[in-house]
Each structure stands twice: as structure tokens, then as C-alpha cells.
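First comes the structure, then the notes that go with it.
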Amino acid sequence: MQSCRRKSLWLALLASWLLGLLGILPLLRLAVPTGPRAGAPQGWPRWLDAELLQSFLQPGELPEDAPQLRRAPRGGSCDWGACFDTSKCRSGGFKVFVYPAAEPTSEMQHKILASIEGSRYHTVSPTEACLHLLTLDAPAGACSLVPPKWNGGKNHLVLRLHPASCSGTFQLGWAMVAEASPTVDTFRPGFDVALPLLPEAHPVRGGAPGQLRQHSPHPGAALLALAEERGGWRVAATDSSACPWDGHCEQDHGPEQTHPGAALPNATFCLIPGRRADALRFLQALQAGCIPVLLSPRWELPFSEVIDWTKAAIVADKRLPLQVLAALQEMPPTRVLALRQQTQFLWDTYFSSVEKVIRTALEIIQDRILGASAHPSLLWNSPPGALLALPTFSTSPLDFPFYYLQQGSRPAGRFSALIWVGATGQPPLKLIQAVAGSQHCAQILVLWSNDKPPPPSWPETAVPLLVIEGHRKVSARFFPHSAISTDAILSLDAHSSLSTSEVDFAFVVWQSFPERMVGFLTWSHFWDEAQGRWGYTAERVNEFSMVLTSAAFYHRYYHTLFTHSLPKALRRLAEAAPHCVDVLMNFLVAAATKLPPIKVPSGRRHEDASPPRVPGDLGPAARDCIDRVAAGFGHMPLVSSRLRLDPVLFKDPVSVLRKKYRGLEKP
Amino acid sequence: MCASVKYNIRGPALIPRMKIKHRIYYITLFSVVLLGLIATGVFQFWPHSIESSNDWSVEKRSVRDVPVVRLPADSPIPERGDLSCRMHTCFDVYRCGFNPKNKIKVFIYSLKKYVDDSGVPVSNTISREYNELLTAISDSDYYTDDITRACLFVPSIDVLNQNTLRIKETAQALAQLSRWDRGTNHLLFNMLPGGPPDYNTALDVPRDRALLAGGGFSTWTYRQGYDVSIPVYSPLSAEVDLPEKGPGPRRYFLLSSQMALHPEYREELGALQAKHGESVLVLDKCTNLSEDVLSVRKRCHEHQVFDYPQVLQEATFCVVLRGARLGQAVLSDVLRAGCVPVVIADSYILPFSEVLDWKRASVVVPEEKMADVYSILQSIPQRQIEEMQRQARWFWEAYFQSIKAIALATLQIINDRIYPYAAISYEEWNDPPTVKWGSVSNPLFLPLIPPQSQGFTAIVLTYDRVESLFRVITEVSKVPSLSKLLVVWNNQNKSPPEESLWPKIRVPLKVVRTAENKLSNRFFPYDEIETEAVLAIDDDIIMLTSDELQFGYEVWREFPDRLVGYPGRLHLWDHEMSKWKYESEWTNEVSMVLTGAAFYHKYFNYLYTYKMPGDIKNWVDAHMNCEDIAMNFLVANVTGKAVIKVTPRKKFKCPECTAIDGLSLDQTHMVERSECINKFASVFGTMPLKVVEHRADPVLYKDDFPEKLKSFPNIGSL
């Protein structure tokens, strides 16, 4: 009986199992009536009469559209085309007028005003201004005053560095808003400007450099750091993947993992929640070279109009924590490397100081005005960045010294020699012969800046020789003369002394390093502990950080940068202290490249050829120069190098006949 | 069915053995089971299955035969579109959690014909383009036929053209879709939104939270980061063959080819033409054509007749003005002709503007500035214009030319939002193939001089030359910046010497034993490498001084993205043989350095091991040669930069040809090396090596200066 019963139970089980097998599948399908039959995917059917189907657009339909009123209805809101008047900016250039600060001013407001007043956009006349800038950083109430030239807000940019200030109390009219971390709901893309949320102590100029010291993450670095609610960062163990970042992971709070005071984490990725207050953490992570992983941010990323944040940060959905974590763990090293480096580039270029933030905001507005001749995206998103790559020079990346590789091109094989003849100079006849002897020389330009008239006849040369008269200021030697027809410039003084071999070799080296200065004689800078200031020396030591422009190759773009991008204070300095232009030019190139210049061997005459402008012991004025330039830049961009590039067989024990640059061999 | 038969055979044998009181119970139980089985079996194979296979058969069927769905007049209507929707708020991303390959799955509802209560159709069942669009999605990797695993739903209700549909009833049809759920994760494609008289810039059909891929958004209706702005497809793309015309001077500077323009715009264009004469051409529809000529393909200026779209190829710039709608099909024709579009339509969101950089292919002019358009365009340099013409044509080829291209670009954009860590880059979207091919993006692009304190890890590859190895270890350990020494023991038949026998050095020394004697072991990214700088050194390189090695490291710090090595080599083109030749003589140029002694970034180990193109890695291991040439190719190809040779030439004991002596062997060696270069050049498809004429020496090298004051005095001694 028992066995019988068991058997029948067995059978019942078997039967119900079969029932399940056969029954559930179709039942499931019942629940999804439009679903496909199990098996190979079927896809969208191929209709027999597909050819007979009509087009969505009947022939002649579009042309018959009833033409409409001139303007689309606009819901009381603004966009660039409708609310900004570019006519003022075309005539007078991009000039910015800043409303004098209303009392009481905050420190940040002070910094902003200072940085704009020092910039080359600044104008004191509201009538000639293209853009009016109003800072709203005062406590609420003080900002309800409408400024005198308000004009309905047209061509006004309202700066709000703190999200809370003056919201709602102010009728914006047609004004644009540059706000720190604006919410995505009110942000008007292409019209407003999203600023970063800056800490109160952010420096005006210069600013701390990025903290990345190596390209790839250190093998010991943590994968992930989490922004704590109380401030600070917590390094998450990678195996805590089971516990996402929703704040319920108390067991993870090992004492050794928490860095409450540590502002900047040593991790590859930094997780930042999407709350607006966490925007501060975003900048912290950026500076630390920790790739920001933003979880569903409700605020617009800073300068999103021009910065391609996909190259430096990851905006992820907070609802998929495990997928995000898995994606981070599996991210290929190539991508990690690229993201890390981009964080540093962006921090250093656009965020490290108040001045850079403001300049970036203004540059964005200028780009909108320029329209087709604005910065291409490449210039914004790869070193040295849009603040140092001026669109007024060219909109084609090929014309700049920075993008040859990205564009798959290389510098052309010719150079222009630019010989500066100063007040005491003689016609540099020997020099002209030596330079003209180079196969790479395309033209020679003599900048005659002497009281005496230039000699009527110049030596016969194989290349065109042009004399440009009438420039008196030393800074004019770095003017972007329209006569310069090549990318490469060989800058020379009348008393420089070079051989054709030296010129040839230096130029070939420059072609490998077109963004740097390639020179023969060098200086190096040092920090003078005793006096607490920067100094520099011409004594030859084992390293250098500047090359003298009395004989140096560089890209012609640096003339434009020198003439059009220096802040007012530095321009005045260059005009007042002629010996400073060398230093200034070196600073400018170093600030753009973040690399040292290149030294090439200076052949037989370097001892006696020390130009008088190189003081053996630099006087106090010269010392002062580098310190003032450094103050003007806000930081010390110069980088030292310990190497010199020589020809491959330089002074090697082989026959001179095998050597290409024999002129350099003589002792 | 089969199973139930089996059961019936066994059944009768069991029953007689049971007691009566149980029998009834069991019979009842079995009959229930049996009935259930029969019922399900019938269910499985009877009408339902016929219906489903009917619905989804691969057999070709007619659109006219699709099932009819009657919509009751009072069936629900979705809410109007929610303007505040963003991916993080309105999109249900949990549905996309299944997809391991970072690819969303898209489901397409089957085609139905919707009629209202009185049997009047709601719209045309499907247009040719929408059918093409759904076919493209269905053929793509995105498609799934499993509605439960889908992340995105595409209704088969065709709303491409709002004019052809009844708004309220279409909305009702949407609302009754099986997974509608307030439109969450539903994607609607619409190219012609709005209707007379006010022509809204987004589809008027109430659609709740559904995403809209729309062809005429304005800044007021476009939900940034949620909707997708798509082109208005031009049917001429398929009808007319218009071969690419290279950039260069064209007959007209500015052309307007649109037919139905607002009289005010036409007046302004007329004024431009009057002012600038021949270089501006304003076309209109032809009024005097005979009936049989296709008027869509003709344009007229006064009595002159032009072929459209061919005439667009005669112009440098082509005006794309707003019509009743912001999105205009003419944009597609203009791009195709390589004519730079001059978009005059305030607040228009250009197609795919989330990813495409329209500044590179178009000029946007505010409507107010229409009178100045000529001078604005004239200020653009010729080279930039040519660049824009190329870019315009490329945009058309990649994203405009077919409905399929439009559909796939739309899905890719949505995919990139959901899997941002796997998103396609700006360059991939925007750079034309020719640029992509020629450009180099250096993986170590940040100008950064690593701190000296980091030091370097020396990796010595050795087989069994223990004595020589120990000498190398002793020499290298004298270099101040050495931070770790790694010996890669490539001999499986012999164990490395005991620990006590190794030289005592001041830095950690690790021995790694390999599983196979392969040359590529020298370039493996060992976990033990903690520094970025790696010094690869052979076990017989004992002639380098500590100054030379330290200086080499200093040079690497200034060029961390390059190979920095000691013996330099050159590749040359042999004109007689028409192939590459390897050169190790005293030359004025270098293009390679030997990795018998070279510094490089450890990232290149990763690239060598995992990203080496083609079969090069295995080929090198099989031939036991040329791993250094392969590394030179790899680094030059990925960075676009030349090597740096450090310090003067030394008397190296032919470091590349281990254990080879004598002239004849040396020559075979050279032949082999030349073959390597030719082989690698063909695998890379190009010759990436860069030739330079310089090497790096210390600043004061061979200068007339007291030796004791030089940082690196002991350099170049033989």
C-alpha cells in the first residue's frame, strides 16, 4: 500500500512536472500576447508590399508649407540669437565693463573685479562696452538695485558665484547668468554660463597646480574614494562592491580608511553624489587627478558649453551602482590614463584660479560672438587650452604649434630669420651670410630699430631680404609682422654670431619640437632663499630653463601670443624694461607648453659671443625683472632641463667626413 | 502529448492493486492531471501557436493584413510631454541593467492598424521611411524580441509626420501599448512636428514621459539630454545620385534653394542678390514648367531653370532658412552637396547637436543679422571653408544619408547616455575617416615631468649567464635613482641561483620565473613594477656607467612618452630592392633604440603585451628576435614621436646579437632584422618610425668646463 501510494505520488509529481514544463511556457506567452515565439529572433517583418508604402513626406508637401510668422513664439525666455546684441562687439572688439562693486563687497567679488580690471578686455566706459558685468555676491537685499545702464539686461552677464545669492529678488530681463553649479532645470544652454563652485579661499592668480605627479595610477592607489557627507573623503575597499554608496555601509568605516581632514584623495576614481553642495568636491577631485564619477548630478557641469567632460569625468546613473562599479573596475588602462591626464589639464587650464575661471567665462561669450571664427573644440579640449590658443590668430589647428600630431601633419621645412638691429647695432652682414647659407631659410627680415638710417645696400643673398624700419620698442621684435611667411622664426640680434651648421641643426631639432623654443645660449632661474625672491643666472651650470631670444627658433604663433595675450601689467613691464622681454617670452612659452626649452650646441664662438645683453653678473634691475614677471603670471611656469640635443655623431671618434654637421665639431 | 501516452500505458497496471477508498481519490487526481496535460497540450499547439507564428513569421506578408485594433472613444489619453524630464528622472534605467555589453536592448511593438469607434483609421498604417527605420533597428545589435529584457521600446505607430495622423486617437493608441507605463522608456520618431497655424516645434501628440527623437526642436521644446534632435530625412537622398564633389572654388558664393519662403525673407535675399550680383543666387519654384516635369527636382531664377539638387554643388554656402517648421529637409541636400549650410533659424536645435560639432560644418546666423550674412561669410578664411565643406559631406554620409543612419545615430546617443563609461568620443563622432586615420593621440599627452624621487625599475632579462648577470646587477645598483631591480628568469630548465649567492644591493631585488622562454616576457607588465619608468637591460650590458644610466633616467623624465635608449639604429628605404633595410653603421640619424638598454614608460609594457597589432607578438616569440624593433614600432605608432638616443656611441658588443660572433653570422643577423622591419611595417600598414638627427647629452658635455663641476662627468668614456 505504502509503495503503491508512493508510486502514485511519484506519478503525480512527474505529471505535474510535465504539466509545468508544457504549461508554463505558453502561459507566460499568454501574459505577453505580442511576444515572439521562443527560438531564433524574428525581428521586424519584411513586408511584401514594402515597395508600395508611401513616403512620410508626400512630394510637394514641404514646399506647400504655409510660411509662418517671422519669429517663433518664445515663452518669455531668452536665447543667444534673440537676447544678445552683437553689433556693439563687432565694431569695438570684445570690451567688458564691470559695475563698480556696491557695498558691502565680499572677498570673492573683490578678486573677480581685480582679475577683470587687469585683463585686456576691460574698459572703463560703459558705452563702448560689448558686455556689462554685474556681480551678485552680496547678501540678499543689496542686490535688488537695478544698475544705471541696465537696459533691460541686454548684453549683461550676471555673475553669481554662490548659488544662494540673490535668487529670485532680481528681475533678470535679457541678462545672461553665469552661476556656480546652476541646476539643470533653470540653466539655459547656449545662453547662460555654468561656473564651477569655488571655495572662498580660491587664489586670484596662478593657483595651485594639479597634484598628479605621474601619468598612470600608482599600483597601490585605491580604486575608489567616496565623498563623505561630513566633508572629506573615504577610500573604499574595492571588495566592498556589495555595499554601494548609499550611506548605509557603516561596517566599511575602518579607522584606517577614513581621512576626515584629508582634502584630496589618493584614488583613481572619486565618487561624488549629485547634490548641488557636492560641486565643491568635483573641483577637489579634479585637482587631485582623481577621475570624478558623478552620480546623476542635478547641476550643470562647469563650462559644459565648451568643455568635453566625457574626456575627464564619468557621469553615471546613481540607480545603477553595481554596473557603475563594474564598469570602473573593468575600465581599460588606456581610458583611465586619458581621463586622469585630462582632469589635470582642465584643472590647470580653466579652474585653478579665479582669474582663469573668469577669463574662461568671458572667452565662452567671445566665442559666441565670433561665431564661425570661434575656438574649435580641439583647442578647448587639448593642451594648452583655449586661453592660450587665440582664435584671432587662426581657427585652424594646423596653424598652431601644439596640434601637429593630432592633425597628422608636421611643421613645414622653412624658416624666416628675424634680425633685430637695436640702437647700437651695426648691419649684421656676416650673420646674414651665415643664415642665408642655410638650405632651410625662406626669408630674412631685418627689424631696423636704429637712429641711423639703414644702409642702402645689403649683401646679395639667395633668399629675399626685407628691411622693416621704425620700431623703437624692444617688445616690437615680437610683433606678429605680416611679412613673416613661415611657421618657424629664427630670432636673432645684430651681434649674434652663428654658423650655417648651427642654424641648420637647430632648425632640424625645432621641427621635432615645434611648440618649444630651441636656442643656443641659456639662463636658469632659481629661488633666492636669502632674499625670498626669484633670480636667474647666466653662469653656465648643469641645467637651464630659458634660452636667449638673441638666437632661438620658435613658432611664429608666440609673436601673436606675446603681443595680444599678455595682461596689461606685463605689457607695461616689457615696454619699460627692455632686458625683460627675453624672460617674458620664455615665461610665455613655458606657460603654454609646461616644458623646458631645448638647448643645442652653440659651436666655437659661444665664449666670446656672449651678447652684452647677457650680464655676467645680473644687476639688481635684471633680478627684479624675473621676480616681477613671476608675480604677473602668479606662478613660476619655467621648467628646468638638464640635457642638450647634439647631432648624433657629435664629437664621436669617427671621421669628420661621415658627420653631417661638421661645423659644430671644431673645438 | 507523448508524456501523457506513456502515463496511460502504466496507469491501468497500478489501479487494481489499490484499495477502493483510495481508488476514487487517485482516479480523480490522475484525471485532473490528465485533463490539465491535454488542455495545455492543446493550448500549446492549437490556435495560439498559429497566431503567434503568423505574427512573427519570416514569410513576407502584406501591411494590409495586420490586425486591426479598435480604440474606444473614451480610452485613456497620456499626459502631455513633461518638459522637466531628464534621463535621471523620467527614464527607467533599471530596465537596462541586463545588458552586459554596454548596449541597450530595443524592442519593437508589432504592427497594428488602429481605428476609432466608427472604424475610421487613426493614421496611415506605416510609411516607407518608418518601415525602413524599424527594419534598421531590427537588423542592428540593439534589437531584442524579448520584451521582458528590453530597455527601450519603439512603438510601430508611425508619427514621423504629424500631418498624417489624428492627434487624440494616436495618443490613445500609444496609451494602450502593453508596456506603455506613462511612456517610460518609449522612443517616438518624428520628423515633421506641428501643424497649421502655429506649427509647434515638437510633436503635438500627448506622450507623457516618452522620449522624442524630433526633427525640428527649438530651444523651448527640446529637453536637453533627454530628447534627441534628428534630421528631417530628405527622400532625394535615395532618389538622386550625387557623387561627391571635392572642396574648392565654386561658381556661386551663396545660394538659396528653398521654395516656400516667407515673403520677408525672400525680400531680404533679393536685396542680397541685388547688392552682390552674380555671386548670390536666389532660386524659387518654377512656374512655367510643363506638367510632366517633376517640379521637386527643378528650381528657377527668373527664366533660368536649374536642376535640383545638382545646383547645390555649384555653391560654397547654402542658406537653410526656417520655413513653417524649423527643421528643413534641404539641410540634408545641402550637406550632401558639400555646400556649407548657413542656418538662419533662431532657436533651432541642429540635428544630433548633442554629439555633432556643428561649428565645424555650418554657419549659424541669427535671423536679425540676415542682412549681414554676406560679410559674415566673407570673413571666413578659404582654408576653413574647405574644411567645412569636407565636414558637411562627411556628416551627411555618416548621419543623414539614410533612415538607417539616422536611426542608429539616435540609438547610439541614447546608449551613450545610459552607459557613459563606454560612450563614443567626440573625435569618433566628428572626425572624418581621413583625419581619424592620420591623427595620433598620444596616450601620455599631459606635459608632466615625473619627480625624480619616483625612480625607475630595472628589468633584466636573463637565461643562464649568471656571472654576467651579477655584474650587471652590481653596476645598475650603483645608479642613484634605481628603486627596484627585477630579474626575469627565462630558463625553465634551470633554477635561479640561491638567494645567498645574489649580489647584495641597496634596493629590493625580485626574481620572476617565467613559464616559457619567450622574448615577450621582458615586456610583460609585472605587478612588481611600481614605478612608471622602466629600464630594460640585457644581462650582458656592463659597459654603461652609473652616470650614463642616471642621465638616461633624467632624459626619460623630460620625455616620459618616448623610448630613451643608448645604442641607436636606423631604418632606410632600399630603392633597389624597394623595401626597408636595417642599418647599424655610424649614421647621422637614428629612428630606433635597442631595448638592450632603454628607459620607457611602463604603460608600453601593457600595450606590448595586450595591444600589439596583428600577430607581431607571437611572431617575435617564434623567431626569438626583433622584440626591440617591435617595441620601437609600437611606441612610435602610438605617440607619433621619435626615440631619444642618449650619450655618444660606445663600443657595444653587438648587444642585439647575443652569442653571435663573426662577420657572416652578423650579416644574416642584419638580413633578419631587415625582414622584421618589413614585416612590421606591413602589419602596421604604415611606417611609424620617425627619423631624427639629434641625441641627448648632458648640458656641459665636452664643453670647456672643469669636469668636477659637471653633473654627469663620466659619460662617453670607452
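Chains: A, B, ... in order of the C-alpha cells. Residues: from 1 per chain. Ligands: from 1, in order shown.
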**OP:** Could you give me, as a PyMOL selection string, the residues within 12 Å of Thr587 (chain B), counting only C-alpha atoms and dropping anything in the same chain fewer than 4 positions from it?
**Re:** (chain A and resi 647-650+652+654-661) or (chain B and resi 567-572+582-583+591+649+691-695)
**OP:** Within 10 Å of region 571-586 of chain A, counting only C-alpha atoms, which residues show up once you throw out same-chain ones fewer than 6 positions away? Write them as a count of residues only, please.
**Re:** 43
**OP:** Excluding Asn491 (chain B) and any residue of its chain fewer than 6 positions from it, enumerate the residues within 7 Å of it, using only C-alpha atoms, and give them as a list in words.
**Re:**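 The neighbour list is Tyr463, Asp464 and Asn517 of chain B.
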**OP:** Excluding Pro155 (chain B) and any residue of its chain fewer than 6 positions from it, enumerate the residues within 8 Å of it, using only C-alpha atoms, and give them as a PyMOL selection string.
**Re:** chain B and resi 108-110+174+177+186-188
Generate the output file for the selected residues, C-alpha atoms, as a PDB file, in the first residue's frame.
```
ATOM      1  CA  ILE B 108       9.650  46.971 -31.391  1.00  0.00           C
ATOM      2  CA  TYR B 109       5.909  46.523 -30.952  1.00  0.00           C
ATOM      3  CA  SER B 110       4.262  44.558 -33.689  1.00  0.00           C
ATOM      4  CA  LEU B 174       0.092  54.815 -27.602  1.00  0.00           C
ATOM      5  CA  LEU B 177       0.614  49.614 -25.670  1.00  0.00           C
ATOM      6  CA  HIS B 186       9.397  54.625 -25.093  1.00  0.00           C
ATOM      7  CA  LEU B 187      11.018  56.300 -28.056  1.00  0.00           C
ATOM      8  CA  LEU B 188       8.993  58.105 -30.714  1.00  0.00           C
TER       9      LEU B 188
END
```
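Interatomic distance, CA of Lys154 (chain A) to CA of Asp85 (chain A): 7.3 Å.
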Subject >> Of the listed residues B:Val63, B:Ile413, B:Leu461, B:Leu254, that which approaches chain A most closely, counting only C-alpha atoms >> reply: B:Val63
**OP:** Considering only C-alpha atoms, return as an MDAnalysis selection string whatever protein or nucleic-acid residues lie within 8 Å of Asn155 (chain A), sequence-local ones (same chain, fewer than 4 positions apart) excluded.
**Re:** chainID A and resid 83:85 130:132 174:176
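The coordinates place CA of Ser641 (chain A) at 29.2 Å from CA of Gln439 (chain A).
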**OP:** as number ranges by chain, please: all residues of region 513-705 of chain B that backbone DSSP puts in helix (DSSP H, G or I).
**Re:** B: 519-523, 546-558, 603-610, 616-623, 627-639, 663-684
Original post:
So how far away is CA of Pro309 (chain B) from CA of Lys436 (chain B), in Å?
Top reply: 29.4 Å
**OP:** Show which residues sit within 7 Å of region 605-614 of chain B, as a list in words. Count only C-alpha atoms, and ignore same-chain residues fewer than 5 positions away.
**Re:** Phe523, Phe524, Pro525, Met631, Val683 and Phe684 of chain B
Original post:
What are the DSSP strand (DSSP E) residues of region 200-362 of chain A, as JSON, numbers by chain?
Top reply: {"A": [222, 223, 224, 225, 226, 227, 233, 234, 235, 236, 258, 259, 267, 268, 269, 270, 271, 272, 291, 292, 293, 294, 295, 314, 315, 316]}
Convert the current residue selection to file output with N, CA and C atoms, as a compact mmCIF listing (two decimals), in the first residue's frame.
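What landed in part.txt:
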```txt
# COMPACT_ATOMS: atom_id res chain seq x y z
N ALA A 222 44.13 53.33 -4.29
CA ALA A 222 42.80 52.74 -4.21
C ALA A 222 42.04 53.00 -5.50
N LEU A 223 41.09 52.14 -5.77
CA LEU A 223 40.29 52.33 -6.98
C LEU A 223 39.33 53.49 -6.79
N LEU A 224 38.76 53.59 -5.60
CA LEU A 224 37.62 54.46 -5.44
C LEU A 224 37.70 55.22 -4.13
N ALA A 225 37.40 56.51 -4.20
CA ALA A 225 37.22 57.28 -2.97
C ALA A 225 35.81 57.85 -3.01
N LEU A 226 35.17 57.89 -1.87
CA LEU A 226 33.80 58.40 -1.82
C LEU A 226 33.79 59.74 -1.11
N ALA A 227 33.03 60.67 -1.64
CA ALA A 227 32.87 61.95 -0.97
C ALA A 227 31.95 61.74 0.23
N TRP A 233 37.04 62.69 2.45
CA TRP A 233 36.87 61.57 1.54
C TRP A 233 37.11 60.27 2.28
N ARG A 234 36.46 59.25 1.82
CA ARG A 234 36.67 57.93 2.39
C ARG A 234 37.10 57.01 1.26
N VAL A 235 38.19 56.32 1.50
CA VAL A 235 38.68 55.40 0.49
C VAL A 235 37.91 54.09 0.63
N ALA A 236 37.31 53.67 -0.44
CA ALA A 236 36.51 52.45 -0.40
C ALA A 236 37.35 51.28 -0.82
N THR A 258 39.42 56.07 6.76
CA THR A 258 38.77 57.37 6.77
C THR A 258 39.80 58.48 6.88
N HIS A 259 39.64 59.45 6.04
CA HIS A 259 40.53 60.62 6.10
C HIS A 259 39.66 61.85 6.25
N ALA A 267 43.21 58.21 -4.98
CA ALA A 267 42.47 57.10 -5.57
C ALA A 267 42.33 57.37 -7.05
N THR A 268 41.98 56.33 -7.79
CA THR A 268 41.85 56.50 -9.23
C THR A 268 40.53 57.19 -9.58
N PHE A 269 39.47 56.78 -8.91
CA PHE A 269 38.16 57.39 -9.17
C PHE A 269 37.62 58.02 -7.90
N CYS A 270 36.88 59.11 -8.06
CA CYS A 270 36.26 59.76 -6.91
C CYS A 270 34.77 59.84 -7.15
N LEU A 271 34.01 59.19 -6.28
CA LEU A 271 32.57 59.19 -6.42
C LEU A 271 31.97 60.41 -5.77
N ILE A 272 31.17 61.14 -6.52
CA ILE A 272 30.61 62.37 -6.00
C ILE A 272 29.10 62.33 -6.18
N ILE A 291 39.71 60.77 -10.99
CA ILE A 291 38.69 60.90 -12.03
C ILE A 291 37.31 61.02 -11.39
N PRO A 292 36.62 62.15 -11.56
CA PRO A 292 35.31 62.30 -10.91
C PRO A 292 34.27 61.38 -11.53
N VAL A 293 33.57 60.68 -10.67
CA VAL A 293 32.44 59.87 -11.13
C VAL A 293 31.21 60.52 -10.50
N LEU A 294 30.43 61.22 -11.31
CA LEU A 294 29.30 61.99 -10.79
C LEU A 294 28.05 61.14 -10.87
N LEU A 295 27.38 61.02 -9.76
CA LEU A 295 26.17 60.20 -9.75
C LEU A 295 24.96 61.10 -9.95
N ILE A 314 33.18 60.96 -15.43
CA ILE A 314 32.16 59.99 -15.81
C ILE A 314 30.87 60.40 -15.13
N VAL A 315 29.86 60.65 -15.93
CA VAL A 315 28.57 60.99 -15.36
C VAL A 315 27.74 59.72 -15.41
N ALA A 316 27.46 59.17 -14.24
CA ALA A 316 26.80 57.88 -14.21
C ALA A 316 25.44 58.02 -13.52
```
**OP:** Extract, using only C-alpha atoms, all DNA, RNA and protein residues at most 7 Å from region 349-356 of chain B, discarding same-chain residues fewer than 4 positions from it, and format them as a list in words.
**Re:** Phe217, Ser218, Thr219, Val228, Ser229, Ile230, Pro231, Tyr426, Trp429 and Asn430 of chain B
Go ahead and save the picked residues with N, CA and C atoms, as a short mmCIF file (atom, residue, chain, number, x, y, z; two decimals), in the first residue's frame.
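Contents of selection16.cif, as written:
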```cif
data_model
loop_
_atom_site.label_atom_id
_atom_site.label_comp_id
_atom_site.auth_asym_id
_atom_site.auth_seq_id
_atom_site.Cartn_x
_atom_site.Cartn_y
_atom_site.Cartn_z
N PHE B 217 13.20 70.58 -33.29
CA PHE B 217 13.14 71.16 -31.95
C PHE B 217 13.63 72.60 -31.93
N SER B 218 13.04 73.37 -31.05
CA SER B 218 13.60 74.67 -30.72
C SER B 218 14.11 74.58 -29.29
N THR B 219 14.85 75.59 -28.89
CA THR B 219 15.38 75.56 -27.52
C THR B 219 14.27 75.49 -26.49
N VAL B 228 16.17 63.60 -28.44
CA VAL B 228 17.25 63.58 -29.42
C VAL B 228 16.79 64.38 -30.62
N SER B 229 17.64 65.31 -31.04
CA SER B 229 17.29 66.10 -32.20
C SER B 229 17.80 65.37 -33.45
N ILE B 230 16.91 65.06 -34.37
CA ILE B 230 17.30 64.28 -35.55
C ILE B 230 17.06 65.11 -36.81
N PRO B 231 17.66 64.72 -37.93
CA PRO B 231 17.44 65.46 -39.17
C PRO B 231 16.05 65.15 -39.75
N TYR B 426 34.10 62.36 -28.77
CA TYR B 426 33.90 63.49 -29.70
C TYR B 426 34.57 63.21 -31.04
N TRP B 429 32.76 60.72 -33.23
CA TRP B 429 31.56 61.26 -33.85
C TRP B 429 31.92 62.24 -34.97
N ASN B 430 32.92 63.05 -34.75
CA ASN B 430 33.09 64.23 -35.60
C ASN B 430 34.22 64.17 -36.61
#
```
Original post:
Of the residues B:Ala696, B:Gln304, B:His623, B:Asp208, which is the one nearest to His669 (chain B), using only C-alpha atoms?
Top reply: B:His623
